[in-house]
$ cat entry.cif   # mmCIF, C-alpha atoms
data_my_file
#
loop_
_atom_site.label_atom_id
_atom_site.label_comp_id
_atom_site.auth_asym_id
_atom_site.auth_seq_id
_atom_site.Cartn_x
_atom_site.Cartn_y
_atom_site.Cartn_z
CA GLY A 26 11.63 -6.07 15.83
CA ASN A 27 11.32 -8.83 13.33
CA PRO A 28 11.66 -11.88 15.62
CA LYS A 29 10.58 -14.38 12.96
CA LYS A 30 13.12 -13.00 10.45
CA ILE A 31 10.57 -12.35 7.73
CA ARG A 32 12.41 -10.84 4.76
CA ALA A 33 10.47 -12.14 1.75
CA VAL A 34 7.10 -13.59 0.88
CA ALA A 35 8.52 -17.13 1.03
CA ASP A 36 9.16 -16.60 4.76
CA ILE A 37 5.44 -16.35 5.53
CA ALA A 38 5.00 -20.02 4.64
CA LYS A 39 7.10 -21.02 7.66
CA PRO A 40 4.99 -23.13 10.07
CA LYS A 41 5.39 -20.70 13.00
CA VAL A 42 4.46 -17.57 11.03
CA LYS A 43 0.87 -16.30 10.98
CA ILE A 44 -0.27 -13.55 8.64
CA VAL A 45 -3.26 -11.27 8.42
CA ASN A 46 -4.51 -10.84 4.87
CA ARG A 47 -6.43 -8.18 2.97
CA GLU A 48 -9.81 -8.78 1.34
CA ILE A 49 -10.15 -10.35 -2.10
CA GLY A 50 -9.75 -7.71 -4.80
CA SER A 51 -7.55 -5.33 -2.81
CA GLY A 52 -4.19 -4.36 -4.27
CA ALA A 53 -2.38 -5.83 -1.26
CA ARG A 54 -4.15 -9.17 -1.72
CA ARG A 55 -3.35 -9.23 -5.44
CA LEU A 56 0.30 -8.51 -4.65
CA LEU A 57 0.45 -11.31 -2.09
CA ASP A 58 -1.23 -13.79 -4.43
CA LYS A 59 1.11 -12.81 -7.27
CA GLN A 60 4.18 -13.22 -5.05
CA LEU A 61 2.96 -16.55 -3.65
CA ASN A 62 2.32 -17.83 -7.17
CA ALA A 63 5.78 -16.67 -8.33
CA THR A 64 7.43 -18.60 -5.49
CA GLY A 65 5.25 -21.68 -5.96
CA ILE A 66 3.60 -21.41 -2.54
CA LYS A 67 -0.02 -22.52 -2.28
CA PRO A 68 -2.19 -20.21 -0.13
CA ASN A 69 -3.29 -23.12 2.07
CA ARG A 70 0.33 -23.41 3.27
CA VAL A 71 0.15 -19.88 4.72
CA LYS A 72 -1.23 -19.74 8.26
CA GLY A 73 -3.77 -16.91 8.47
CA TYR A 74 -4.28 -16.57 4.71
CA ARG A 75 -8.06 -16.57 5.19
CA ASP A 76 -7.92 -14.07 8.09
CA GLU A 77 -9.01 -10.93 6.19
CA VAL A 78 -9.23 -7.28 7.18
CA LEU A 79 -10.31 -4.23 5.19
CA SER A 80 -7.43 -1.75 5.46
CA HIS A 81 -3.69 -1.30 5.80
CA LEU A 82 -4.24 0.12 9.28
CA ASP A 83 -6.22 -2.99 10.26
CA VAL A 84 -3.31 -5.17 9.09
CA ALA A 85 -0.80 -3.15 11.11
CA SER A 86 -3.03 -3.07 14.20
CA ARG A 87 -3.42 -6.87 14.16
CA ILE A 88 0.36 -7.25 13.98
CA ARG A 89 0.94 -4.66 16.72
CA VAL A 90 -1.30 -6.53 19.18
CA GLY A 91 0.26 -9.90 18.35
CA ALA A 92 -2.68 -11.40 16.47
CA ALA A 93 -0.40 -11.90 13.44
CA ASP A 94 3.30 -11.84 12.62
CA ALA A 95 3.10 -10.20 9.19
CA GLY A 96 0.81 -8.83 6.51
CA ILE A 97 0.91 -6.90 3.27
CA GLY A 98 0.47 -3.17 3.76
CA VAL A 99 1.99 0.25 3.26
CA ARG A 100 4.96 1.66 5.12
CA ALA A 101 2.87 4.49 6.58
CA ALA A 102 0.55 2.05 8.40
CA ALA A 103 3.54 0.16 9.77
CA SER A 104 5.18 3.39 10.89
CA ILE A 105 2.03 4.66 12.64
CA ASN A 106 1.91 1.39 14.58
CA GLY A 107 5.63 1.29 15.43
CA LEU A 108 6.31 -1.77 13.26
CA ASP A 109 9.24 -2.74 11.09
CA PHE A 110 8.66 -2.74 7.35
CA VAL A 111 10.13 -4.92 4.60
CA PRO A 112 9.45 -3.46 1.14
CA LEU A 113 8.31 -5.87 -1.57
CA GLN A 114 7.82 -3.43 -4.45
CA ARG A 115 7.33 0.22 -5.35
CA GLU A 116 3.97 1.37 -6.64
CA ARG A 117 3.04 4.48 -8.61
CA TYR A 118 -0.36 6.11 -8.22
CA ASP A 119 -1.87 8.57 -10.66
CA LEU A 120 -4.90 10.78 -10.17
CA VAL A 121 -6.82 10.97 -13.44
CA ILE A 122 -9.25 13.85 -13.89
CA PRO A 123 -11.27 14.50 -17.04
CA LYS A 124 -10.25 17.84 -18.51
CA ALA A 125 -13.85 19.10 -18.37
CA HIS A 126 -13.93 18.58 -14.60
CA TYR A 127 -10.53 20.14 -14.13
CA GLU A 128 -11.57 23.25 -16.02
CA ALA A 129 -15.12 23.57 -14.62
CA LEU A 130 -14.80 22.71 -10.94
CA GLN A 131 -13.18 25.31 -8.69
CA GLY A 132 -13.11 22.77 -5.87
CA MET A 133 -10.95 20.49 -8.02
CA LYS A 134 -8.43 23.27 -8.59
CA ASN A 135 -8.34 23.98 -4.85
CA PHE A 136 -7.82 20.28 -4.11
CA LEU A 137 -4.94 20.07 -6.59
CA ASP A 138 -3.36 23.23 -5.16
CA ILE A 139 -3.34 21.54 -1.76
CA ILE A 140 -1.80 18.26 -2.87
CA VAL A 141 1.03 19.99 -4.72
CA SER A 142 1.78 22.35 -1.85
CA LYS A 143 5.06 21.92 0.00
CA PRO A 144 3.41 21.51 3.44
CA PHE A 145 1.13 18.73 2.18
CA ARG A 146 3.97 16.90 0.45
CA GLN A 147 6.13 17.18 3.59
CA GLU A 148 3.31 15.69 5.70
CA LEU A 149 2.87 12.84 3.24
CA GLU A 150 6.60 12.08 3.13
CA ALA A 151 6.75 12.17 6.94
CA LEU A 152 4.37 9.20 7.01
CA GLY A 153 7.12 7.16 5.36
CA GLY A 154 7.25 5.39 2.03
CA TYR A 155 5.85 8.16 -0.15
CA ASP A 156 7.90 9.88 -2.86
CA THR A 157 6.27 13.14 -3.92
CA ARG A 158 8.86 14.29 -6.46
CA GLU A 159 6.37 13.90 -9.33
CA THR A 160 3.33 15.16 -7.42
CA GLY A 161 1.61 17.82 -9.50
CA VAL A 162 3.16 16.85 -12.81
CA MET A 163 0.37 17.27 -15.34
CA GLN A 164 -0.05 14.94 -18.29
CA ASN A 165 -2.44 15.46 -21.15
CA LEU A 166 -3.78 12.05 -22.15
CA GLN A 167 -5.82 11.51 -25.26
CA MET A 168 -8.51 8.89 -24.85
CA GLY A 169 -8.91 6.72 -27.93
#

$ encode --input "entry.cif" --output "structure tokens"
Amino acid sequence: GNPKKIRAVADIAKPKVKIVNREIGSGARRLLDKQLNATGIKPNRVKGYRDEVLSHLDVASRIRVGAADAGIGVRAAASINGLDFVPLQRERYDLVIPKAHYEALQGMKNFLDIIVSKPFRQELEALGGYDTRETGVMQNLQMG
């Protein structure tokens, strides 16, 4: 259900829409601020802009119980809480490990073996919104 027909960031500035926001400095907050700026919407026009929580699950929980109509978060948190999800952008995440740690720490190798395993990737994809096609692709980066 999306009873307030929220399809884009501009829709959260409607007078009858209340959001729950993430804390200053979080990626979700930066995305919201960037999108608001791009559409020319001042934060003080967004009901709930100052209502901050500390995680994607907190955002989804607030929406699930009716304390807010929308918020910026990941698809997995929405899915866990039985909420609809409107994607705003795709994001890539890289895990950067210094070569010395990779070579010296057996625990690191075990960790990487787990995250590239088929069962782990299937679990992650089942959460919704995660693409694991490049999981485990190693890059050698030279630091300048």

$ resolve_selection --input "entry.cif" --expression "the PyMOL selection byres ((chain A and resi 111-127) around 12)" --output "PyMOL selection string"
chain A and resi 26-27+30-36+52-53+56-57+59-60+95-101+103-104+108-110+128-138+140+153-168

$ axis_aligned_box --input "entry.cif" --around "segment 103-106 of chain A" --padding-each-side "3 Å" --output "JSON"
{"center_x": 3.5, "center_y": 2.4, "center_z": 12.2, "size_x": 9.3, "size_y": 10.5, "size_z": 10.8}

$ residues_near_point --input "entry.cif" --point "(-0.1, -17.5, 10.0)" --cutoff "12 Å" --atoms "all atoms listed in the file" --output "number ranges by chain"
A: 29, 36-46, 68-77, 87-88, 91-96

$ atom_distance --input "entry.cif" --atom1 "atom CA of Ile49 of chain A" --atom2 "atom CA of Asn62 of chain A"
15.4 Å

$ atom_distance --input "entry.cif" --atom1 "atom CA of Ile105 of chain A" --atom2 "atom CA of Leu61 of chain A"
26.8 Å

$ atom_distance --input "entry.cif" --atom1 "atom CA of Ala63 of chain A" --atom2 "atom CA of Arg47 of chain A"
18.7 Å

$ closest_residue --input "entry.cif" --among "A:Lys67, A:Leu152, A:Val78, A:Ser51" --to "Gly107 of chain A" --atoms "only C-alpha atoms"
A:Leu152

$ decode --input "entry.cif" --residues "segment 112-145 of chain A" --atoms "N, CA, C and O atoms" --output "PDB file, in the first residue's frame"
ATOM      1  N   PRO A 112      12.242   2.802  -5.451  1.00  0.00           N
ATOM      2  CA  PRO A 112      13.683   3.053  -5.564  1.00  0.00           C
ATOM      3  C   PRO A 112      13.981   4.469  -6.053  1.00  0.00           C
ATOM      4  O   PRO A 112      13.309   4.979  -6.950  1.00  0.00           O
ATOM      5  N   LEU A 113      14.995   5.082  -5.451  1.00  0.00           N
ATOM      6  CA  LEU A 113      15.441   6.407  -5.869  1.00  0.00           C
ATOM      7  C   LEU A 113      16.749   6.334  -6.644  1.00  0.00           C
ATOM      8  O   LEU A 113      16.991   7.130  -7.533  1.00  0.00           O
ATOM      9  N   GLN A 114      17.612   5.405  -6.266  1.00  0.00           N
ATOM     10  CA  GLN A 114      18.888   5.235  -6.965  1.00  0.00           C
ATOM     11  C   GLN A 114      19.497   3.894  -6.594  1.00  0.00           C
ATOM     12  O   GLN A 114      19.101   3.273  -5.617  1.00  0.00           O
ATOM     13  N   ARG A 115      20.471   3.472  -7.387  1.00  0.00           N
ATOM     14  CA  ARG A 115      21.238   2.267  -7.092  1.00  0.00           C
ATOM     15  C   ARG A 115      22.548   2.706  -6.462  1.00  0.00           C
ATOM     16  O   ARG A 115      23.083   3.756  -6.797  1.00  0.00           O
ATOM     17  N   GLU A 116      23.057   1.896  -5.577  1.00  0.00           N
ATOM     18  CA  GLU A 116      24.293   2.229  -4.865  1.00  0.00           C
ATOM     19  C   GLU A 116      25.223   1.025  -4.906  1.00  0.00           C
ATOM     20  O   GLU A 116      24.796  -0.101  -4.720  1.00  0.00           O
ATOM     21  N   ARG A 117      26.499   1.274  -5.127  1.00  0.00           N
ATOM     22  CA  ARG A 117      27.498   0.209  -5.135  1.00  0.00           C
ATOM     23  C   ARG A 117      28.324   0.316  -3.862  1.00  0.00           C
ATOM     24  O   ARG A 117      28.718   1.408  -3.442  1.00  0.00           O
ATOM     25  N   TYR A 118      28.590  -0.806  -3.252  1.00  0.00           N
ATOM     26  CA  TYR A 118      29.420  -0.849  -2.047  1.00  0.00           C
ATOM     27  C   TYR A 118      30.625  -1.737  -2.302  1.00  0.00           C
ATOM     28  O   TYR A 118      30.503  -2.833  -2.820  1.00  0.00           O
ATOM     29  N   ASP A 119      31.790  -1.254  -1.909  1.00  0.00           N
ATOM     30  CA  ASP A 119      33.018  -2.017  -2.035  1.00  0.00           C
ATOM     31  C   ASP A 119      33.608  -2.241  -0.650  1.00  0.00           C
ATOM     32  O   ASP A 119      33.519  -1.369   0.218  1.00  0.00           O
ATOM     33  N   LEU A 120      34.188  -3.394  -0.456  1.00  0.00           N
ATOM     34  CA  LEU A 120      34.913  -3.703   0.769  1.00  0.00           C
ATOM     35  C   LEU A 120      36.392  -3.595   0.427  1.00  0.00           C
ATOM     36  O   LEU A 120      36.890  -4.323  -0.431  1.00  0.00           O
ATOM     37  N   VAL A 121      37.073  -2.670   1.074  1.00  0.00           N
ATOM     38  CA  VAL A 121      38.486  -2.424   0.789  1.00  0.00           C
ATOM     39  C   VAL A 121      39.313  -2.987   1.937  1.00  0.00           C
ATOM     40  O   VAL A 121      39.085  -2.652   3.100  1.00  0.00           O
ATOM     41  N   ILE A 122      40.254  -3.845   1.588  1.00  0.00           N
ATOM     42  CA  ILE A 122      41.096  -4.504   2.586  1.00  0.00           C
ATOM     43  C   ILE A 122      42.556  -4.319   2.175  1.00  0.00           C
ATOM     44  O   ILE A 122      42.930  -4.679   1.063  1.00  0.00           O
ATOM     45  N   PRO A 123      43.374  -3.766   3.057  1.00  0.00           N
ATOM     46  CA  PRO A 123      44.804  -3.665   2.728  1.00  0.00           C
ATOM     47  C   PRO A 123      45.384  -5.056   2.447  1.00  0.00           C
ATOM     48  O   PRO A 123      45.057  -6.036   3.128  1.00  0.00           O
ATOM     49  N   LYS A 124      46.204  -5.142   1.435  1.00  0.00           N
ATOM     50  CA  LYS A 124      46.772  -6.418   1.017  1.00  0.00           C
ATOM     51  C   LYS A 124      47.466  -7.143   2.173  1.00  0.00           C
ATOM     52  O   LYS A 124      47.354  -8.356   2.312  1.00  0.00           O
ATOM     53  N   ALA A 125      48.140  -6.387   3.033  1.00  0.00           N
ATOM     54  CA  ALA A 125      48.842  -7.004   4.166  1.00  0.00           C
ATOM     55  C   ALA A 125      47.860  -7.736   5.083  1.00  0.00           C
ATOM     56  O   ALA A 125      48.158  -8.821   5.582  1.00  0.00           O
ATOM     57  N   HIS A 126      46.699  -7.159   5.301  1.00  0.00           N
ATOM     58  CA  HIS A 126      45.690  -7.818   6.137  1.00  0.00           C
ATOM     59  C   HIS A 126      45.118  -9.044   5.432  1.00  0.00           C
ATOM     60  O   HIS A 126      44.895 -10.075   6.057  1.00  0.00           O
ATOM     61  N   TYR A 127      44.870  -8.891   4.161  1.00  0.00           N
ATOM     62  CA  TYR A 127      44.316 -10.008   3.396  1.00  0.00           C
ATOM     63  C   TYR A 127      45.251 -11.208   3.441  1.00  0.00           C
ATOM     64  O   TYR A 127      44.821 -12.344   3.618  1.00  0.00           O
ATOM     65  N   GLU A 128      46.527 -10.953   3.297  1.00  0.00           N
ATOM     66  CA  GLU A 128      47.505 -12.042   3.263  1.00  0.00           C
ATOM     67  C   GLU A 128      47.819 -12.602   4.645  1.00  0.00           C
ATOM     68  O   GLU A 128      48.127 -13.777   4.787  1.00  0.00           O
ATOM     69  N   ALA A 129      47.736 -11.791   5.692  1.00  0.00           N
ATOM     70  CA  ALA A 129      48.194 -12.208   7.018  1.00  0.00           C
ATOM     71  C   ALA A 129      47.090 -12.758   7.923  1.00  0.00           C
ATOM     72  O   ALA A 129      47.370 -13.527   8.833  1.00  0.00           O
ATOM     73  N   LEU A 130      45.867 -12.390   7.686  1.00  0.00           N
ATOM     74  CA  LEU A 130      44.795 -12.749   8.616  1.00  0.00           C
ATOM     75  C   LEU A 130      43.936 -13.889   8.086  1.00  0.00           C
ATOM     76  O   LEU A 130      43.167 -13.713   7.141  1.00  0.00           O
ATOM     77  N   GLN A 131      44.051 -15.046   8.702  1.00  0.00           N
ATOM     78  CA  GLN A 131      43.252 -16.202   8.276  1.00  0.00           C
ATOM     79  C   GLN A 131      41.760 -15.910   8.443  1.00  0.00           C
ATOM     80  O   GLN A 131      40.945 -16.305   7.624  1.00  0.00           O
ATOM     81  N   GLY A 132      41.399 -15.188   9.489  1.00  0.00           N
ATOM     82  CA  GLY A 132      39.998 -14.840   9.702  1.00  0.00           C
ATOM     83  C   GLY A 132      39.427 -14.033   8.547  1.00  0.00           C
ATOM     84  O   GLY A 132      38.263 -14.177   8.186  1.00  0.00           O
ATOM     85  N   MET A 133      40.252 -13.173   7.952  1.00  0.00           N
ATOM     86  CA  MET A 133      39.809 -12.366   6.816  1.00  0.00           C
ATOM     87  C   MET A 133      39.518 -13.262   5.622  1.00  0.00           C
ATOM     88  O   MET A 133      38.511 -13.087   4.931  1.00  0.00           O
ATOM     89  N   LYS A 134      40.362 -14.233   5.397  1.00  0.00           N
ATOM     90  CA  LYS A 134      40.135 -15.164   4.278  1.00  0.00           C
ATOM     91  C   LYS A 134      38.862 -15.974   4.516  1.00  0.00           C
ATOM     92  O   LYS A 134      38.076 -16.191   3.597  1.00  0.00           O
ATOM     93  N   ASN A 135      38.637 -16.389   5.748  1.00  0.00           N
ATOM     94  CA  ASN A 135      37.410 -17.134   6.058  1.00  0.00           C
ATOM     95  C   ASN A 135      36.176 -16.262   5.830  1.00  0.00           C
ATOM     96  O   ASN A 135      35.173 -16.713   5.267  1.00  0.00           O
ATOM     97  N   PHE A 136      36.248 -15.009   6.270  1.00  0.00           N
ATOM     98  CA  PHE A 136      35.147 -14.060   6.072  1.00  0.00           C
ATOM     99  C   PHE A 136      34.840 -13.902   4.586  1.00  0.00           C
ATOM    100  O   PHE A 136      33.680 -13.954   4.162  1.00  0.00           O
ATOM    101  N   LEU A 137      35.881 -13.699   3.785  1.00  0.00           N
ATOM    102  CA  LEU A 137      35.675 -13.509   2.346  1.00  0.00           C
ATOM    103  C   LEU A 137      35.128 -14.766   1.686  1.00  0.00           C
ATOM    104  O   LEU A 137      34.293 -14.675   0.780  1.00  0.00           O
ATOM    105  N   ASP A 138      35.556 -15.929   2.143  1.00  0.00           N
ATOM    106  CA  ASP A 138      35.007 -17.184   1.617  1.00  0.00           C
ATOM    107  C   ASP A 138      33.504 -17.262   1.868  1.00  0.00           C
ATOM    108  O   ASP A 138      32.742 -17.729   1.024  1.00  0.00           O
ATOM    109  N   ILE A 139      33.084 -16.784   3.024  1.00  0.00           N
ATOM    110  CA  ILE A 139      31.653 -16.811   3.357  1.00  0.00           C
ATOM    111  C   ILE A 139      30.878 -15.857   2.465  1.00  0.00           C
ATOM    112  O   ILE A 139      29.850 -16.231   1.891  1.00  0.00           O
ATOM    113  N   ILE A 140      31.346 -14.626   2.310  1.00  0.00           N
ATOM    114  CA  ILE A 140      30.537 -13.660   1.550  1.00  0.00           C
ATOM    115  C   ILE A 140      30.486 -13.955   0.054  1.00  0.00           C
ATOM    116  O   ILE A 140      29.579 -13.481  -0.621  1.00  0.00           O
ATOM    117  N   VAL A 141      31.421 -14.744  -0.452  1.00  0.00           N
ATOM    118  CA  VAL A 141      31.341 -15.107  -1.874  1.00  0.00           C
ATOM    119  C   VAL A 141      30.627 -16.431  -2.084  1.00  0.00           C
ATOM    120  O   VAL A 141      30.363 -16.820  -3.221  1.00  0.00           O
ATOM    121  N   SER A 142      30.273 -17.109  -0.997  1.00  0.00           N
ATOM    122  CA  SER A 142      29.616 -18.408  -1.142  1.00  0.00           C
ATOM    123  C   SER A 142      28.204 -18.246  -1.711  1.00  0.00           C
ATOM    124  O   SER A 142      27.528 -17.244  -1.483  1.00  0.00           O
ATOM    125  N   LYS A 143      27.772 -19.247  -2.434  1.00  0.00           N
ATOM    126  CA  LYS A 143      26.440 -19.210  -3.037  1.00  0.00           C
ATOM    127  C   LYS A 143      25.337 -19.099  -1.985  1.00  0.00           C
ATOM    128  O   LYS A 143      24.421 -18.285  -2.142  1.00  0.00           O
ATOM    129  N   PRO A 144      25.382 -19.867  -0.885  1.00  0.00           N
ATOM    130  CA  PRO A 144      24.326 -19.736   0.129  1.00  0.00           C
ATOM    131  C   PRO A 144      24.228 -18.326   0.722  1.00  0.00           C
ATOM    132  O   PRO A 144      23.129 -17.807   0.904  1.00  0.00           O
ATOM    133  N   PHE A 145      25.361 -17.694   0.992  1.00  0.00           N
ATOM    134  CA  PHE A 145      25.334 -16.344   1.546  1.00  0.00           C
ATOM    135  C   PHE A 145      24.732 -15.365   0.538  1.00  0.00           C
ATOM    136  O   PHE A 145      23.887 -14.540   0.882  1.00  0.00           O
TER     137      PHE A 145
END
